[in-house]
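Listing of query.txt, compact mmCIF, C-alpha atoms and all ligand atoms
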# COMPACT_ATOMS: atom_id res chain seq x y z
CA MET A 20 265.81 168.69 -21.12
CA SER A 21 264.13 165.66 -22.61
CA SER A 22 263.35 162.26 -21.18
CA GLU A 23 262.31 158.99 -22.73
CA SER A 24 259.77 156.50 -21.53
CA SER A 25 257.91 153.49 -22.81
CA LEU A 26 254.15 153.09 -22.57
CA ARG A 27 251.73 150.22 -23.21
CA ALA A 28 249.07 151.79 -25.36
CA VAL A 29 246.24 151.40 -27.84
CA VAL A 30 246.09 153.70 -30.87
CA LEU A 31 242.84 155.68 -30.66
CA GLY A 32 243.31 157.57 -33.90
CA THR A 33 245.65 159.66 -36.01
CA VAL A 34 245.48 163.05 -37.68
CA ASP A 35 247.75 164.05 -40.54
CA TYR A 36 250.03 166.98 -39.81
CA GLY A 37 251.79 168.91 -42.53
CA GLU A 38 253.34 167.07 -45.46
CA ALA A 39 255.03 164.26 -43.64
CA ASP A 40 253.94 163.92 -40.03
CA ARG A 41 251.08 162.61 -37.95
CA VAL A 42 249.63 163.33 -34.55
CA VAL A 43 248.78 160.01 -32.91
CA SER A 44 246.25 159.78 -30.09
CA LEU A 45 247.18 156.98 -27.68
CA PHE A 46 245.39 155.53 -24.69
CA SER A 47 248.14 154.25 -22.42
CA GLU A 48 248.08 152.15 -19.30
CA GLU A 49 250.53 154.41 -17.49
CA ARG A 50 249.43 157.91 -18.48
CA GLY A 51 245.93 157.56 -19.87
CA LYS A 52 245.12 159.45 -23.05
CA LEU A 53 247.83 161.49 -24.70
CA SER A 54 248.66 162.92 -28.11
CA THR A 55 252.08 162.22 -29.58
CA PHE A 56 253.92 163.57 -32.58
CA ALA A 57 255.05 160.95 -35.14
CA ARG A 58 257.64 162.65 -37.30
CA GLY A 59 257.80 161.31 -40.83
CA ALA A 60 254.89 158.89 -40.31
CA ARG A 61 253.16 160.03 -43.50
CA ALA A 62 256.19 160.40 -45.71
CA SER A 63 257.75 157.05 -44.93
CA ARG A 64 256.14 153.84 -43.78
CA ARG A 65 259.50 152.35 -42.86
CA ARG A 66 259.63 153.75 -39.39
CA PHE A 67 256.18 152.80 -38.15
CA GLY A 68 254.89 150.40 -40.80
CA GLY A 69 251.19 149.80 -40.25
CA ALA A 70 251.55 150.13 -36.48
CA LEU A 71 249.72 153.44 -36.22
CA GLU A 72 246.40 152.07 -37.44
CA PRO A 73 243.49 152.62 -35.03
CA PHE A 74 243.09 150.08 -32.20
CA THR A 75 246.56 148.55 -32.62
CA ALA A 76 248.01 147.58 -29.23
CA LEU A 77 251.67 148.49 -28.94
CA VAL A 78 254.53 149.56 -26.74
CA ALA A 79 255.39 153.16 -27.58
CA GLN A 80 258.74 154.82 -26.98
CA ILE A 81 258.14 158.49 -26.39
CA LYS A 82 260.44 161.40 -25.78
CA GLU A 83 259.30 164.46 -23.93
CA ARG A 84 260.16 167.85 -25.31
CA GLY A 85 260.26 171.11 -23.49
CA GLY A 86 256.93 172.28 -24.86
CA GLY A 87 254.96 170.69 -27.67
CA LEU A 88 253.70 167.17 -27.95
CA PRO A 89 255.85 164.24 -26.84
CA VAL A 90 257.60 162.67 -29.83
CA LEU A 91 256.81 159.10 -30.79
CA GLU A 92 260.28 157.69 -31.29
CA GLY A 93 259.35 154.11 -32.07
CA VAL A 94 256.75 151.41 -31.52
CA VAL A 95 256.62 147.65 -31.05
CA VAL A 96 253.29 146.12 -31.99
CA GLU A 97 251.88 143.84 -29.29
CA ARG A 98 248.65 142.92 -31.10
CA ALA A 99 247.43 144.09 -34.49
CA PHE A 100 243.98 142.43 -34.13
CA GLY A 101 244.09 141.25 -37.74
CA ALA A 102 240.75 139.40 -37.60
CA ILE A 103 238.96 142.64 -36.70
CA ARG A 104 240.35 144.44 -39.74
CA GLY A 105 238.82 142.09 -42.28
CA ASP A 106 235.26 142.40 -41.01
CA LEU A 107 233.11 145.54 -41.15
CA PRO A 108 230.95 144.92 -38.03
CA ARG A 109 234.09 144.27 -35.97
CA ILE A 110 235.83 147.35 -37.40
CA ALA A 111 232.74 149.37 -36.48
CA CYS A 112 232.69 148.06 -32.91
CA ALA A 113 236.44 148.52 -32.37
CA GLY A 114 236.31 152.05 -33.78
CA TYR A 115 233.33 152.87 -31.61
CA ALA A 116 235.07 151.49 -28.50
CA CYS A 117 238.12 153.68 -29.21
CA GLU A 118 236.01 156.77 -29.82
CA LEU A 119 234.07 156.14 -26.63
CA VAL A 120 237.29 155.91 -24.61
CA ARG A 121 238.62 159.07 -26.24
CA GLU A 122 235.47 160.98 -25.29
CA LEU A 123 235.10 159.58 -21.76
CA VAL A 124 238.56 160.36 -20.38
CA ARG A 125 240.69 163.46 -20.16
CA ASP A 126 244.29 163.75 -21.25
CA GLY A 127 246.86 162.61 -18.73
CA GLU A 128 244.51 160.76 -16.37
CA PRO A 129 245.45 157.08 -16.02
CA HIS A 130 242.55 154.62 -16.06
CA PRO A 131 244.24 151.20 -15.88
CA ASP A 132 240.87 149.41 -15.51
CA LEU A 133 239.59 151.03 -18.66
CA PHE A 134 242.82 150.21 -20.47
CA GLU A 135 242.45 146.51 -19.60
CA LEU A 136 238.76 146.64 -20.52
CA LEU A 137 239.57 148.06 -23.96
CA LEU A 138 242.29 145.47 -24.58
CA GLY A 139 239.94 142.72 -23.42
CA TYR A 140 237.14 143.87 -25.69
CA LEU A 141 239.47 144.16 -28.70
CA GLY A 142 240.76 140.66 -27.97
CA HIS A 143 237.17 139.42 -27.82
CA LEU A 144 236.33 141.07 -31.15
CA ASP A 145 239.43 139.51 -32.65
CA ALA A 146 238.17 136.07 -31.66
CA VAL A 147 234.43 136.08 -32.34
CA PRO A 148 231.95 137.98 -34.54
CA ALA A 149 230.67 141.34 -33.29
CA GLU A 150 227.26 141.43 -31.64
CA PRO A 151 225.29 144.07 -29.73
CA THR A 152 225.49 142.49 -26.25
CA GLY A 153 229.26 142.78 -26.29
CA LEU A 154 229.00 146.42 -27.16
CA ARG A 155 226.52 147.09 -24.31
CA ALA A 156 228.88 145.33 -21.90
CA PHE A 157 231.78 147.46 -23.11
CA GLU A 158 229.75 150.67 -22.82
CA LEU A 159 228.71 149.86 -19.25
CA GLY A 160 232.23 148.76 -18.27
CA ALA A 161 233.73 151.92 -19.77
CA LEU A 162 231.24 154.13 -17.93
CA ARG A 163 231.96 152.31 -14.66
CA SER A 164 235.73 152.67 -15.13
CA ALA A 165 235.30 156.38 -15.82
CA GLY A 166 233.14 156.78 -12.68
CA LEU A 167 230.02 157.51 -14.73
CA ALA A 168 227.99 154.30 -14.47
CA PRO A 169 224.21 154.75 -14.60
CA ARG A 170 222.24 153.90 -11.45
CA LEU A 171 220.22 150.84 -12.37
CA ASP A 172 219.50 149.08 -9.07
CA ALA A 173 217.74 151.97 -7.32
CA CYS A 174 216.19 155.35 -7.95
CA ALA A 175 218.96 157.75 -8.93
CA ARG A 176 217.31 160.64 -7.06
CA CYS A 177 215.93 159.25 -3.79
CA GLY A 178 217.76 155.91 -3.59
CA ALA A 179 214.58 153.84 -3.23
CA PRO A 180 215.97 150.33 -3.69
CA ASP A 181 213.85 149.24 -6.60
CA PRO A 182 212.03 151.86 -8.63
CA GLU A 183 208.33 151.38 -8.16
CA PRO A 184 206.77 149.67 -11.17
CA PHE A 185 204.51 152.11 -12.94
CA PRO A 186 202.11 150.80 -15.59
CA ARG A 187 202.07 153.07 -18.58
CA PRO A 188 200.41 151.84 -21.77
CA GLU A 189 201.89 154.41 -24.14
CA VAL A 190 205.29 152.76 -24.36
CA ARG A 191 207.50 154.89 -26.53
CA GLY A 192 207.10 154.12 -30.20
CA LEU A 193 204.16 151.74 -29.74
CA LYS A 194 200.42 152.42 -29.93
CA PRO A 195 198.50 151.26 -26.83
CA ALA A 196 196.86 148.43 -28.79
CA GLU A 197 200.26 146.99 -29.62
CA VAL A 198 201.34 146.78 -26.00
CA ARG A 199 200.64 143.41 -24.46
CA GLY A 200 199.17 144.55 -21.15
CA PRO A 201 200.41 147.47 -19.10
CA GLY A 202 203.83 146.04 -18.27
CA PRO A 203 205.45 147.50 -15.17
CA GLU A 204 208.00 150.16 -16.02
CA ALA A 205 210.37 152.45 -14.33
CA PHE A 206 211.65 155.65 -15.86
CA PHE A 207 215.15 156.29 -17.09
CA ASP A 208 216.57 159.77 -17.16
CA PRO A 209 220.23 160.34 -18.06
CA ALA A 210 220.12 163.83 -16.57
CA GLN A 211 219.32 162.28 -13.18
CA GLY A 212 221.90 159.52 -13.50
CA GLY A 213 219.75 156.48 -14.27
CA LEU A 214 216.46 154.98 -13.16
CA LEU A 215 213.80 157.02 -11.42
CA CYS A 216 210.98 155.78 -9.23
CA ARG A 217 207.46 156.99 -9.97
CA GLY A 218 207.51 159.48 -7.11
CA CYS A 219 210.63 161.16 -8.47
CA ALA A 220 209.73 160.90 -12.15
CA LEU A 221 206.27 162.47 -12.00
CA PRO A 222 207.14 165.95 -10.69
CA HIS A 223 210.36 165.96 -12.69
CA GLN A 224 210.51 168.35 -15.62
CA GLY A 225 212.82 166.31 -17.85
CA HIS A 226 211.91 163.76 -20.50
CA PRO A 227 212.45 160.37 -18.95
CA SER A 228 212.11 157.29 -21.12
CA SER A 229 210.29 154.21 -19.97
CA ALA A 230 212.43 151.19 -19.12
CA ARG A 231 210.82 147.78 -19.01
CA PRO A 232 211.96 145.35 -16.30
CA ALA A 233 213.56 142.95 -18.79
CA SER A 234 215.70 145.73 -20.28
CA ARG A 235 216.84 147.18 -16.99
CA GLU A 236 217.54 143.72 -15.56
CA ALA A 237 219.64 142.91 -18.63
CA LEU A 238 221.64 146.13 -18.24
CA GLN A 239 221.96 145.58 -14.47
CA ALA A 240 223.35 142.11 -15.12
CA LEU A 241 225.89 143.42 -17.63
CA LEU A 242 226.92 146.24 -15.31
CA ALA A 243 227.40 143.78 -12.42
CA VAL A 244 230.01 141.81 -14.36
CA GLN A 245 233.32 143.40 -13.50
CA ARG A 246 235.16 142.05 -16.52
CA ASP A 247 234.38 140.12 -19.69
CA GLY A 248 230.70 141.10 -19.69
CA TRP A 249 230.74 140.49 -23.44
CA GLN A 250 230.91 136.76 -22.69
CA ALA A 251 227.27 136.92 -21.56
CA GLY A 252 224.74 135.35 -23.89
CA PRO A 253 223.03 137.60 -26.42
CA LEU A 254 220.11 139.72 -25.24
CA GLN A 255 216.68 138.85 -26.61
CA SER A 256 215.83 141.02 -29.58
CA GLU A 257 213.03 143.00 -27.90
CA VAL A 258 215.30 143.75 -24.94
CA ALA A 259 218.34 144.46 -27.12
CA GLY A 260 216.64 147.37 -28.91
CA GLU A 261 215.53 149.12 -25.73
CA ALA A 262 218.88 148.45 -24.00
CA ARG A 263 220.66 150.04 -26.99
CA ASP A 264 218.37 153.08 -26.93
CA LEU A 265 218.77 153.59 -23.17
CA MET A 266 222.55 153.36 -23.40
CA THR A 267 222.74 155.66 -26.42
CA CYS A 268 220.63 158.22 -24.61
CA PHE A 269 222.76 157.97 -21.45
CA LEU A 270 226.11 158.15 -23.28
CA GLU A 271 225.09 161.10 -25.41
CA TYR A 272 223.96 162.98 -22.33
CA GLN A 273 227.25 162.22 -20.53
CA MET A 274 229.39 163.29 -23.49
CA GLY A 275 227.18 166.11 -24.71
CA LYS A 276 227.41 164.80 -28.26
CA ARG A 277 226.75 161.89 -30.59
CA LEU A 278 229.74 159.70 -31.37
CA LYS A 279 230.78 159.89 -35.02
CA SER A 280 231.13 156.11 -35.22
CA ARG A 281 227.53 155.57 -34.07
CA ARG A 282 226.14 155.79 -37.60
CA PHE A 283 228.60 153.19 -38.89
CA ILE A 284 227.56 150.82 -36.09
CA GLU A 285 223.91 151.30 -36.99
CA GLU A 286 224.62 150.47 -40.61
CA VAL A 287 226.57 147.27 -40.11
CA LEU A 288 225.62 145.72 -36.75
ZN ZN B 1 212.96 158.22 -6.32

For the file at hand, write its structure as structure tokens.
Ligand SMILES: [Zn+2]
Amino acid sequence: MSSESSLRAVVLGTVDYGEADRVVSLFSEERGKLSTFARGARASRRRFGGALEPFTALVAQIKERGGGLPVLEGVVVERAFGAIRGDLPRIACAGYACELVRELVRDGEPHPDLFELLLGYLGHLDAVPAEPTGLRAFELGALRSAGLAPRLDACARCGAPDPEPFPRPEVRGLKPAEVRGPGPEAFFDPAQGGLLCRGCALPHQGHPSSARPASREALQALLAVQRDGWQAGPLQSEVAGEARDLMTCFLEYQMGKRLKSRRFIEEVL
């Protein structure tokens, strides 16, 4: 017995199947991530047009089958985000956002907050040029929606409210002479869930990174914004680099891999 339903969804990606068909990965408001089977999508563009391009927002009509992937019967495009598609940095950010969502959630688990966050970020990218602060805000929002947000306001191990500043001249990547004074730092360890105070970091066997106050305050501020964090002003360049590195490190630990779209982002943004 089959049943039909309609879903609000964003196209996360497609994979060609056989001579004529495609498997389309959707992130839907109602059912979360799911793969659907688009019969004839390769052979004929009449049925779906350009609607199955990545990050298109649409309403999908799907039909369940007794076994096998649900069939994508038809789609109505809600937003094509045309301004994103003409601009490489925006394409890179939109593709990265979709890949991040695909990796953070499991099939069949609805995450309506994350769905709205993705639509909001794509709408933002459609309206203004891509920039790194927006991407950090999306990363933090996506982690929070998936229940994986880093602990940034307290030590992730002992809960001490503000990780004790710990002067350490050998800031990663800089020789001591290049560091302007021993700035107070906390440690950041993805394996422990976020910031660590000195007492927890020192006996710990991992490889925590240093995190300067300006960087962790910037990330805290972005994490505190429940929605539209990408509207925040751009991060200062010295903070932006460390914030990017801390987030990359945290995301790759959470997902156990490097996102394929990361390299594209690094080339164009
Ligand atoms: Zn601690």

Given only C-alpha atoms and all ligand atoms, how would the per-residue table for chain A near ligand ZN 1 (chain B) read, listing every residue at most 10 Å away with its closest atom pair and distance in Å to one decimal, sorted by chain and number, as CSV?
residue,atom,partner,partner_atom,distance
A:Ala173,CA,B:ZN1,ZN,7.9
A:Cys174,CA,B:ZN1,ZN,4.6
A:Ala175,CA,B:ZN1,ZN,6.6
A:Arg176,CA,B:ZN1,ZN,5.0
A:Cys177,CA,B:ZN1,ZN,4.0
A:Gly178,CA,B:ZN1,ZN,6.0
A:Ala179,CA,B:ZN1,ZN,5.6
A:Pro180,CA,B:ZN1,ZN,8.8
A:Asp181,CA,B:ZN1,ZN,9.0
A:Pro182,CA,B:ZN1,ZN,6.8
A:Glu183,CA,B:ZN1,ZN,8.5
A:Phe206,CA,B:ZN1,ZN,10.0
A:Leu214,CA,B:ZN1,ZN,8.3
A:Leu215,CA,B:ZN1,ZN,5.3
A:Cys216,CA,B:ZN1,ZN,4.3
A:Arg217,CA,B:ZN1,ZN,6.7
A:Gly218,CA,B:ZN1,ZN,5.6
A:Cys219,CA,B:ZN1,ZN,4.3
A:Ala220,CA,B:ZN1,ZN,7.2
A:Leu221,CA,B:ZN1,ZN,9.8

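The interatomic distance for the pair atom CA of A:Pro209 and atom CA of A:Pro151 works out to 20.7 Å.
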
Tell me which of A:Arg235, A:Leu119, A:Arg50, A:Pro89 sits closest to A:Lys276, counting all atoms listed in the file. A:Leu119

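Of note, atom CA of A:Ala60 and atom CA of A:Arg125 are spaced 25.1 Å apart.
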
Find the nearest atom pair between each residue of stretch 50-84 of chain A and stretch 128-148 of chain A for residues within 8 Å, count only C-alpha atoms, give distances in Å to one decimal, sort rows by chain and ascending number, and present the table as JSON lines.
{"residue": "A:Arg50", "atom": "CA", "partner": "A:Pro129", "partner_atom": "CA", "distance": 4.8}
{"residue": "A:Gly51", "atom": "CA", "partner": "A:Pro129", "partner_atom": "CA", "distance": 3.9}
{"residue": "A:Lys52", "atom": "CA", "partner": "A:Glu128", "partner_atom": "CA", "distance": 6.8}
{"residue": "A:Phe74", "atom": "CA", "partner": "A:Leu141", "partner_atom": "CA", "distance": 7.8}
{"residue": "A:Ala76", "atom": "CA", "partner": "A:Leu138", "partner_atom": "CA", "distance": 7.7}

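Taking atom CA of A:Leu26 and atom CA of A:Gly101 as the two end points, the separation is 21.7 Å.
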
Ref. answer, residues at most 12 Å from (229.7, 134.6, -20.5) with only C-alpha atoms, as a VMD selection string: chain A and resid 143 152 to 153 156 240 to 241 244 to 254

Pick out the residues sitting within 10 Å of A:Val94, and hand them over as a PDB file with C-alpha atoms, in the frame of the given file; count all atoms listed in the file, and ignore anything fewer than 5 positions along from it in its own chain.
ATOM      1  CA  SER A  25     257.910 153.490 -22.810  1.00  0.00           C
ATOM      2  CA  LEU A  26     254.150 153.090 -22.570  1.00  0.00           C
ATOM      3  CA  ARG A  27     251.730 150.220 -23.210  1.00  0.00           C
ATOM      4  CA  ALA A  28     249.070 151.790 -25.360  1.00  0.00           C
ATOM      5  CA  ARG A  66     259.630 153.750 -39.390  1.00  0.00           C
ATOM      6  CA  PHE A  67     256.180 152.800 -38.150  1.00  0.00           C
ATOM      7  CA  GLY A  68     254.890 150.400 -40.800  1.00  0.00           C
ATOM      8  CA  ALA A  70     251.550 150.130 -36.480  1.00  0.00           C
ATOM      9  CA  LEU A  71     249.720 153.440 -36.220  1.00  0.00           C
ATOM     10  CA  ALA A  76     248.010 147.580 -29.230  1.00  0.00           C
ATOM     11  CA  LEU A  77     251.670 148.490 -28.940  1.00  0.00           C
ATOM     12  CA  VAL A  78     254.530 149.560 -26.740  1.00  0.00           C
ATOM     13  CA  ALA A  79     255.390 153.160 -27.580  1.00  0.00           C
ATOM     14  CA  GLN A  80     258.740 154.820 -26.980  1.00  0.00           C
ATOM     15  CA  ILE A  81     258.140 158.490 -26.390  1.00  0.00           C
TER      16      ILE A  81
END

So that I can check the surroundings of A:Thr267, please list as a PyMOL selection string every protein, DNA and RNA residue that reaches within 10 Å of it, counting all atoms listed in the file and ignoring chain neighbours fewer than 5 positions away. chain A and resi 155+158+209+261-262+272-273+277-278+281

If you count all atoms listed in the file, which residues fall within 10 Å of A:Gln255, apart from same-chain ones fewer than 6 positions away, as an NGL selection string? :A and (152 or 233-234 or 237)

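Counting only C-alpha atoms, the residue from A:Glu38, A:Asp172, A:Glu92, A:Glu72 that sits nearest to A:Arg104 is A:Glu72.
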
With 5 Å on each side, where is the centre of the axis-aligned box around all listed atoms of stretch 76-87 of chain A, and how long are its edges in Å to one decimal, as lines of an AutoDock Vina configuration file?
center_x = 254.2
center_y = 159.9
center_z = -26.4
size_x = 22.4
size_y = 34.7
size_z = 15.7

Give the answer as one residue: which of A:Gly260, A:Thr75, A:Ala168, A:Leu265 has the shortest atom-to-atom distance to A:Phe207, using all atoms listed in the file? A:Leu265

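Take the candidates A:Gly32, A:Gly127, A:Pro169, A:Gly87 and check each one against A:Glu48 using all atoms listed in the file; the shortest distance goes to A:Gly127.
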
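When only C-alpha atoms are used to measure the gap to A:Ile284, the shortest distance among A:Arg170, A:Arg65, A:Arg41, A:Arg263 belongs to A:Arg263.
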